[in-house]
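Trainee: For reference, the file start21.cif (mmCIF, C-alpha atoms, pLDDT in the B column; chains and numbers go by the auth columns) is included below:
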```
data_protein
loop_
_atom_site.group_PDB
_atom_site.id
_atom_site.type_symbol
_atom_site.label_atom_id
_atom_site.label_comp_id
_atom_site.label_asym_id
_atom_site.label_seq_id
_atom_site.Cartn_x
_atom_site.Cartn_y
_atom_site.Cartn_z
_atom_site.B_iso_or_equiv
_atom_site.auth_seq_id
_atom_site.auth_asym_id
ATOM 1 C CA MET A 1 28.447 -27.734 41.280 54.00 16 A
ATOM 2 C CA ARG A 2 24.856 -26.801 40.736 60.00 17 A
ATOM 3 C CA VAL A 3 23.841 -24.858 37.600 59.00 18 A
ATOM 4 C CA ARG A 4 21.106 -22.339 37.999 58.00 19 A
ATOM 5 C CA ARG A 5 18.849 -21.913 34.999 58.00 20 A
ATOM 6 C CA ILE A 6 17.556 -18.432 34.187 56.00 21 A
ATOM 7 C CA ARG A 7 14.151 -18.455 32.586 54.00 22 A
ATOM 8 C CA ARG A 8 13.405 -15.839 29.912 52.00 23 A
ATOM 9 C CA ASN A 9 10.319 -15.189 27.884 49.00 24 A
ATOM 10 C CA TRP A 10 11.346 -16.583 24.494 45.00 25 A
ATOM 11 C CA HIS A 11 9.179 -17.037 21.427 47.00 26 A
ATOM 12 C CA ALA A 12 11.629 -19.583 20.078 49.00 27 A
ATOM 13 C CA SER A 13 14.463 -21.557 21.486 49.00 28 A
ATOM 14 C CA PRO A 14 17.546 -19.523 22.394 49.00 29 A
ATOM 15 C CA ASP A 15 19.510 -22.070 20.373 54.00 30 A
ATOM 16 C CA ASP A 16 17.634 -20.829 17.275 52.00 31 A
ATOM 17 C CA GLY A 17 19.170 -17.382 17.697 55.00 32 A
ATOM 18 C CA ALA A 18 15.824 -15.834 18.579 53.00 33 A
ATOM 19 C CA ALA A 19 15.697 -12.656 20.580 54.00 34 A
ATOM 20 C CA PRO A 20 13.740 -12.434 23.804 54.00 35 A
ATOM 21 C CA SER A 21 10.221 -11.099 23.416 54.00 36 A
ATOM 22 C CA ARG A 22 9.655 -7.431 24.046 55.00 37 A
ATOM 23 C CA ARG A 23 6.847 -5.858 25.914 56.00 38 A
ATOM 24 C CA VAL A 24 4.401 -3.872 23.797 52.00 39 A
ATOM 25 C CA ILE A 25 3.846 -0.409 25.184 52.00 40 A
ATOM 26 C CA PRO A 26 0.677 1.453 24.155 52.00 41 A
ATOM 27 C CA VAL A 27 1.307 4.726 22.355 54.00 42 A
ATOM 28 C CA GLY A 28 -1.627 7.048 21.929 55.00 43 A
ATOM 29 C CA GLY A 29 -4.104 4.268 22.645 53.00 44 A
ATOM 30 C CA GLU A 30 -2.621 1.909 20.050 50.00 45 A
ATOM 31 C CA HIS A 31 -0.201 -0.969 20.429 48.00 46 A
ATOM 32 C CA VAL A 32 3.066 -0.422 18.634 49.00 47 A
ATOM 33 C CA THR A 33 3.095 -3.895 17.133 50.00 48 A
ATOM 34 C CA GLY A 34 -0.673 -4.253 16.860 48.00 49 A
ATOM 35 C CA ALA A 35 -2.758 -3.739 13.753 54.00 50 A
ATOM 36 C CA ARG A 36 -3.800 -0.167 13.283 61.00 51 A
ATOM 37 C CA ASN A 37 -7.114 1.045 12.041 68.00 52 A
ATOM 38 C CA ASP A 38 -6.376 1.774 8.405 66.00 53 A
ATOM 39 C CA PRO A 39 -8.400 4.561 6.810 72.00 54 A
ATOM 40 C CA PRO A 40 -10.730 3.567 4.002 80.00 55 A
ATOM 41 C CA PRO A 41 -9.137 3.617 0.538 86.00 56 A
ATOM 42 C CA TYR A 42 -9.113 6.956 -1.258 93.00 57 A
ATOM 43 C CA ARG A 43 -10.566 7.311 -4.733 96.00 58 A
ATOM 44 C CA TYR A 44 -8.270 8.784 -7.364 97.00 59 A
ATOM 45 C CA HIS A 45 -8.722 10.474 -10.737 97.00 60 A
ATOM 46 C CA ILE A 46 -5.621 9.965 -12.918 98.00 61 A
ATOM 47 C CA ARG A 47 -5.458 11.544 -16.382 98.00 62 A
ATOM 48 C CA VAL A 48 -2.983 10.386 -19.043 98.00 63 A
ATOM 49 C CA ARG A 49 -2.475 11.756 -22.548 98.00 64 A
ATOM 50 C CA GLY A 50 -4.019 9.801 -25.401 97.00 65 A
ATOM 51 C CA ARG A 51 -6.567 7.056 -25.730 96.00 66 A
ATOM 52 C CA LEU A 52 -5.411 3.831 -24.121 96.00 67 A
ATOM 53 C CA GLY A 53 -6.130 0.580 -25.894 94.00 68 A
ATOM 54 C CA GLN A 54 -7.584 -2.510 -24.253 94.00 69 A
ATOM 55 C CA THR A 55 -4.154 -4.071 -23.665 95.00 70 A
ATOM 56 C CA ILE A 56 -2.687 -1.078 -21.843 96.00 71 A
ATOM 57 C CA ARG A 57 -5.888 -0.531 -19.842 95.00 72 A
ATOM 58 C CA GLY A 58 -5.417 -4.112 -18.643 95.00 73 A
ATOM 59 C CA ALA A 59 -2.315 -2.940 -16.749 96.00 74 A
ATOM 60 C CA PHE A 60 -4.662 -1.113 -14.348 96.00 75 A
ATOM 61 C CA PRO A 61 -7.250 -3.720 -13.290 95.00 76 A
ATOM 62 C CA ALA A 62 -8.277 -1.837 -10.114 92.00 77 A
ATOM 63 C CA LEU A 63 -9.181 1.301 -12.072 97.00 78 A
ATOM 64 C CA GLN A 64 -11.931 2.093 -14.537 97.00 79 A
ATOM 65 C CA ALA A 65 -10.883 3.852 -17.739 97.00 80 A
ATOM 66 C CA ARG A 66 -12.920 6.330 -19.749 96.00 81 A
ATOM 67 C CA VAL A 67 -12.035 8.629 -22.603 96.00 82 A
ATOM 68 C CA SER A 68 -12.330 12.371 -21.998 93.00 83 A
ATOM 69 C CA GLY A 69 -11.477 14.438 -25.072 93.00 84 A
ATOM 70 C CA GLY A 70 -8.221 13.022 -26.391 94.00 85 A
ATOM 71 C CA ASP A 71 -7.116 11.758 -22.958 97.00 86 A
ATOM 72 C CA THR A 72 -7.875 8.733 -20.798 98.00 87 A
ATOM 73 C CA VAL A 73 -9.048 9.107 -17.211 98.00 88 A
ATOM 74 C CA LEU A 74 -8.407 6.242 -14.792 98.00 89 A
ATOM 75 C CA THR A 75 -10.648 6.338 -11.735 97.00 90 A
ATOM 76 C CA GLY A 76 -11.011 4.088 -8.722 96.00 91 A
ATOM 77 C CA PRO A 77 -10.077 3.323 -5.122 95.00 92 A
ATOM 78 C CA LEU A 78 -6.477 2.638 -4.106 95.00 93 A
ATOM 79 C CA PRO A 79 -5.923 1.180 -0.628 93.00 94 A
ATOM 80 C CA ASP A 80 -2.819 3.169 0.287 93.00 95 A
ATOM 81 C CA ARG A 81 -0.026 5.417 -0.925 93.00 96 A
ATOM 82 C CA ALA A 82 2.038 2.417 -2.037 95.00 97 A
ATOM 83 C CA ALA A 83 -0.739 1.359 -4.422 95.00 98 A
ATOM 84 C CA LEU A 84 -0.894 4.884 -5.847 96.00 99 A
ATOM 85 C CA TYR A 85 2.881 4.900 -6.364 97.00 100 A
ATOM 86 C CA GLY A 86 2.572 1.496 -8.046 96.00 101 A
ATOM 87 C CA VAL A 87 0.061 2.873 -10.554 97.00 102 A
ATOM 88 C CA LEU A 88 2.252 5.916 -11.203 98.00 103 A
ATOM 89 C CA ALA A 89 5.291 3.663 -11.719 97.00 104 A
ATOM 90 C CA GLU A 90 3.307 1.535 -14.189 97.00 105 A
ATOM 91 C CA ILE A 91 2.286 4.669 -16.102 97.00 106 A
ATOM 92 C CA GLU A 92 5.947 5.671 -16.329 97.00 107 A
ATOM 93 C CA ALA A 93 7.075 2.159 -17.303 97.00 108 A
ATOM 94 C CA LEU A 94 4.543 2.101 -20.158 97.00 109 A
ATOM 95 C CA GLY A 95 5.844 5.443 -21.429 97.00 110 A
ATOM 96 C CA LEU A 96 2.536 7.229 -20.857 97.00 111 A
ATOM 97 C CA GLU A 97 2.390 10.958 -20.236 98.00 112 A
ATOM 98 C CA LEU A 98 0.846 11.729 -16.856 98.00 113 A
ATOM 99 C CA LEU A 99 -1.270 14.882 -16.971 98.00 114 A
ATOM 100 C CA GLU A 100 -3.110 14.967 -13.651 97.00 115 A
ATOM 101 C CA VAL A 101 -3.570 13.118 -10.367 98.00 116 A
ATOM 102 C CA ARG A 102 -6.402 14.108 -8.041 97.00 117 A
ATOM 103 C CA ARG A 103 -7.633 12.510 -4.852 96.00 118 A
ATOM 104 C CA LEU A 104 -11.415 12.617 -4.900 94.00 119 A
ATOM 105 C CA PRO A 105 -13.415 13.588 -1.826 88.00 120 A
ATOM 106 C CA PRO A 106 -14.912 10.701 0.185 78.00 121 A
ATOM 107 C CA ALA A 107 -18.260 9.518 -1.132 69.00 122 A
#
```
How would this structure read if it were set down as structure tokens?
Mentor:
Amino acid sequence: MRVRRIRRNWHASPDDGAAPSRRVIPVGGEHVTGARNDPPPYRYHIRVRGRLGQTIRGAFPALQARVSGGDTVLTGPLPDRAALYGVLAEIEALGLELLEVRRLPPA
């Protein structure tokens, strides 16, 4: 008896449990699995109540802090929405009162 071998396009050995490769179909001029052209980071203006000390300001290394009245304003670029949510989560975790979040117009 002769065994016929079927050849598939595998990235890894079928014995490794790998799935066969899939063809990438362009959608709107982009490849589904390809890198997309990310927009430049947006600059944000985030105001919290009170004057933040050096230690707490250190929790936001990507942002510059300045005092405005009795509040602290954190300003700087954040690469994506996840980074913004990370800063907001840190503000909450530190027990700070968030007063304002504004996305600044592109420079």
Trainee: May I ask which of the residues A:Ile61, A:Ala97, A:Leu119, A:Leu114 is the closest one to A:Leu78, counting all atoms listed in the file?
Mentor: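 Checking each candidate against A:Leu78, we get A:Ile61 as the closest.
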Trainee: Choose the residue, out of A:Leu67, A:Ala74, A:Val116, A:Leu111, that has the smallest atom-to-atom separation from A:Thr87; count all atoms listed in the file.
Mentor: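 Under the stated criterion, the closest residue is A:Leu67.
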Trainee: Would you list the residues near (-5.7, 10.6, -9.5) (no more than 9 Å away, in the coordinates of the file, using only C-alpha atoms) as a PyMOL selection string?
Mentor: chain A and resi 58-62+88-91+99+115-119
Trainee: Just write the chosen residues, C-alpha atoms, as a short mmCIF file (atom, residue, chain, number, x, y, z; two decimals), keeping the file's coordinate frame.
Mentor:
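This went into part_36.cif:
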```
data_model
loop_
_atom_site.label_atom_id
_atom_site.label_comp_id
_atom_site.auth_asym_id
_atom_site.auth_seq_id
_atom_site.Cartn_x
_atom_site.Cartn_y
_atom_site.Cartn_z
CA ARG A 58 -10.57 7.31 -4.73
CA TYR A 59 -8.27 8.78 -7.36
CA HIS A 60 -8.72 10.47 -10.74
CA ILE A 61 -5.62 9.96 -12.92
CA ARG A 62 -5.46 11.54 -16.38
CA VAL A 88 -9.05 9.11 -17.21
CA LEU A 89 -8.41 6.24 -14.79
CA THR A 90 -10.65 6.34 -11.74
CA GLY A 91 -11.01 4.09 -8.72
CA LEU A 99 -0.89 4.88 -5.85
CA GLU A 115 -3.11 14.97 -13.65
CA VAL A 116 -3.57 13.12 -10.37
CA ARG A 117 -6.40 14.11 -8.04
CA ARG A 118 -7.63 12.51 -4.85
CA LEU A 119 -11.42 12.62 -4.90
#
```
Trainee: Calculated over all atoms listed in the file, which of the candidates A:Pro120, A:Pro92, A:Glu107, A:Gly101 has the smallest distance to A:Pro56?
Mentor: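 Closest to A:Pro56 of all the choices is A:Pro92.
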Trainee: Looking at A:Ala77, A:Arg66, A:Ala108, A:Leu113, which one is nearest to A:Pro94, with distances taken over all atoms listed in the file?
Mentor: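 Closest to A:Pro94, using all atoms listed in the file: A:Ala77.
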Trainee: What separation in Å, quoted to one decimal, exists between atom CA of A:Pro54 and atom CA of A:Ile106?
Mentor: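 Atom-to-atom, atom CA of A:Pro54 to atom CA of A:Ile106, that is 25.3 Å.
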Trainee: Restricting the calculation to only C-alpha atoms: of A:Leu109, A:Pro55, A:Arg96, A:Asp86, which residue gets closest to A:Gly73?
Mentor: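 Going through A:Leu109, A:Pro55, A:Arg96, A:Asp86 one by one, the smallest distance to A:Gly73 is for A:Leu109.
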Trainee: Please, what distance in Å, to one decimal, runs between atom CA of A:Pro76 and atom CA of A:Ala104?
Mentor: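 Atom CA of A:Pro76 sits 14.6 Å away from atom CA of A:Ala104.
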Trainee: Taking the partial coordinates given, rebuild stretch 91-117 of chain A to contain N, CA and C atoms; return it as a PDB file, in the coordinates of the input.
Mentor:
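The resulting file, selection.pdb, is reproduced below:
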```pdb
ATOM      1  N   GLY A  91     -10.692   5.204  -9.599  1.00 96.00           N
ATOM      2  CA  GLY A  91     -11.011   4.088  -8.722  1.00 96.00           C
ATOM      3  C   GLY A  91     -10.322   4.206  -7.379  1.00 96.00           C
ATOM      4  N   PRO A  92     -10.671   3.298  -6.461  1.00 95.00           N
ATOM      5  CA  PRO A  92     -10.077   3.323  -5.122  1.00 95.00           C
ATOM      6  C   PRO A  92      -8.704   2.657  -5.106  1.00 95.00           C
ATOM      7  N   LEU A  93      -7.789   3.233  -4.334  1.00 95.00           N
ATOM      8  CA  LEU A  93      -6.477   2.638  -4.106  1.00 95.00           C
ATOM      9  C   LEU A  93      -6.294   2.560  -2.593  1.00 95.00           C
ATOM     10  N   PRO A  94      -5.916   1.400  -2.074  1.00 93.00           N
ATOM     11  CA  PRO A  94      -5.923   1.180  -0.628  1.00 93.00           C
ATOM     12  C   PRO A  94      -4.930   2.014   0.166  1.00 93.00           C
ATOM     13  N   ASP A  95      -3.821   2.409  -0.459  1.00 93.00           N
ATOM     14  CA  ASP A  95      -2.819   3.169   0.287  1.00 93.00           C
ATOM     15  C   ASP A  95      -1.895   3.893  -0.679  1.00 93.00           C
ATOM     16  N   ARG A  96      -0.957   4.636  -0.117  1.00 93.00           N
ATOM     17  CA  ARG A  96      -0.026   5.417  -0.925  1.00 93.00           C
ATOM     18  C   ARG A  96       0.853   4.514  -1.788  1.00 93.00           C
ATOM     19  N   ALA A  97       1.201   3.349  -1.273  1.00 95.00           N
ATOM     20  CA  ALA A  97       2.038   2.417  -2.037  1.00 95.00           C
ATOM     21  C   ALA A  97       1.321   1.976  -3.317  1.00 95.00           C
ATOM     22  N   ALA A  98       0.025   1.746  -3.231  1.00 95.00           N
ATOM     23  CA  ALA A  98      -0.739   1.359  -4.422  1.00 95.00           C
ATOM     24  C   ALA A  98      -0.768   2.496  -5.432  1.00 95.00           C
ATOM     25  N   LEU A  99      -0.920   3.726  -4.951  1.00 96.00           N
ATOM     26  CA  LEU A  99      -0.894   4.884  -5.847  1.00 96.00           C
ATOM     27  C   LEU A  99       0.463   4.973  -6.537  1.00 96.00           C
ATOM     28  N   TYR A 100       1.543   4.844  -5.775  1.00 97.00           N
ATOM     29  CA  TYR A 100       2.881   4.900  -6.364  1.00 97.00           C
ATOM     30  C   TYR A 100       3.091   3.761  -7.361  1.00 97.00           C
ATOM     31  N   GLY A 101       2.487   2.608  -7.107  1.00 96.00           N
ATOM     32  CA  GLY A 101       2.572   1.496  -8.046  1.00 96.00           C
ATOM     33  C   GLY A 101       1.910   1.824  -9.374  1.00 96.00           C
ATOM     34  N   VAL A 102       0.750   2.468  -9.320  1.00 97.00           N
ATOM     35  CA  VAL A 102       0.061   2.873 -10.554  1.00 97.00           C
ATOM     36  C   VAL A 102       0.894   3.912 -11.294  1.00 97.00           C
ATOM     37  N   LEU A 103       1.433   4.879 -10.566  1.00 98.00           N
ATOM     38  CA  LEU A 103       2.252   5.916 -11.203  1.00 98.00           C
ATOM     39  C   LEU A 103       3.515   5.318 -11.829  1.00 98.00           C
ATOM     40  N   ALA A 104       4.108   4.335 -11.164  1.00 97.00           N
ATOM     41  CA  ALA A 104       5.291   3.663 -11.719  1.00 97.00           C
ATOM     42  C   ALA A 104       4.927   2.894 -12.988  1.00 97.00           C
ATOM     43  N   GLU A 105       3.758   2.278 -12.998  1.00 97.00           N
ATOM     44  CA  GLU A 105       3.307   1.535 -14.189  1.00 97.00           C
ATOM     45  C   GLU A 105       3.070   2.497 -15.356  1.00 97.00           C
ATOM     46  N   ILE A 106       2.499   3.655 -15.062  1.00 97.00           N
ATOM     47  CA  ILE A 106       2.286   4.669 -16.102  1.00 97.00           C
ATOM     48  C   ILE A 106       3.630   5.076 -16.706  1.00 97.00           C
ATOM     49  N   GLU A 107       4.614   5.303 -15.843  1.00 97.00           N
ATOM     50  CA  GLU A 107       5.947   5.671 -16.329  1.00 97.00           C
ATOM     51  C   GLU A 107       6.588   4.543 -17.130  1.00 97.00           C
ATOM     52  N   ALA A 108       6.465   3.309 -16.627  1.00 97.00           N
ATOM     53  CA  ALA A 108       7.075   2.159 -17.303  1.00 97.00           C
ATOM     54  C   ALA A 108       6.474   1.935 -18.690  1.00 97.00           C
ATOM     55  N   LEU A 109       5.207   2.263 -18.861  1.00 97.00           N
ATOM     56  CA  LEU A 109       4.543   2.101 -20.158  1.00 97.00           C
ATOM     57  C   LEU A 109       4.807   3.281 -21.094  1.00 97.00           C
ATOM     58  N   GLY A 110       5.526   4.289 -20.595  1.00 97.00           N
ATOM     59  CA  GLY A 110       5.844   5.443 -21.429  1.00 97.00           C
ATOM     60  C   GLY A 110       4.679   6.382 -21.644  1.00 97.00           C
ATOM     61  N   LEU A 111       3.701   6.354 -20.737  1.00 97.00           N
ATOM     62  CA  LEU A 111       2.536   7.229 -20.857  1.00 97.00           C
ATOM     63  C   LEU A 111       2.852   8.589 -20.254  1.00 97.00           C
ATOM     64  N   GLU A 112       2.193   9.616 -20.772  1.00 98.00           N
ATOM     65  CA  GLU A 112       2.390  10.958 -20.236  1.00 98.00           C
ATOM     66  C   GLU A 112       1.322  11.247 -19.193  1.00 98.00           C
ATOM     67  N   LEU A 113       1.747  11.434 -17.967  1.00 98.00           N
ATOM     68  CA  LEU A 113       0.846  11.729 -16.856  1.00 98.00           C
ATOM     69  C   LEU A 113       0.483  13.203 -16.892  1.00 98.00           C
ATOM     70  N   LEU A 114      -0.817  13.492 -16.908  1.00 98.00           N
ATOM     71  CA  LEU A 114      -1.270  14.882 -16.971  1.00 98.00           C
ATOM     72  C   LEU A 114      -1.798  15.390 -15.630  1.00 98.00           C
ATOM     73  N   GLU A 115      -2.452  14.500 -14.875  1.00 97.00           N
ATOM     74  CA  GLU A 115      -3.110  14.967 -13.651  1.00 97.00           C
ATOM     75  C   GLU A 115      -3.357  13.799 -12.701  1.00 97.00           C
ATOM     76  N   VAL A 116      -3.190  14.069 -11.413  1.00 98.00           N
ATOM     77  CA  VAL A 116      -3.570  13.118 -10.367  1.00 98.00           C
ATOM     78  C   VAL A 116      -4.366  13.909  -9.335  1.00 98.00           C
ATOM     79  N   ARG A 117      -5.574  13.467  -9.062  1.00 97.00           N
ATOM     80  CA  ARG A 117      -6.402  14.108  -8.041  1.00 97.00           C
ATOM     81  C   ARG A 117      -6.976  13.069  -7.106  1.00 97.00           C
TER      82      ARG A 117
END
```
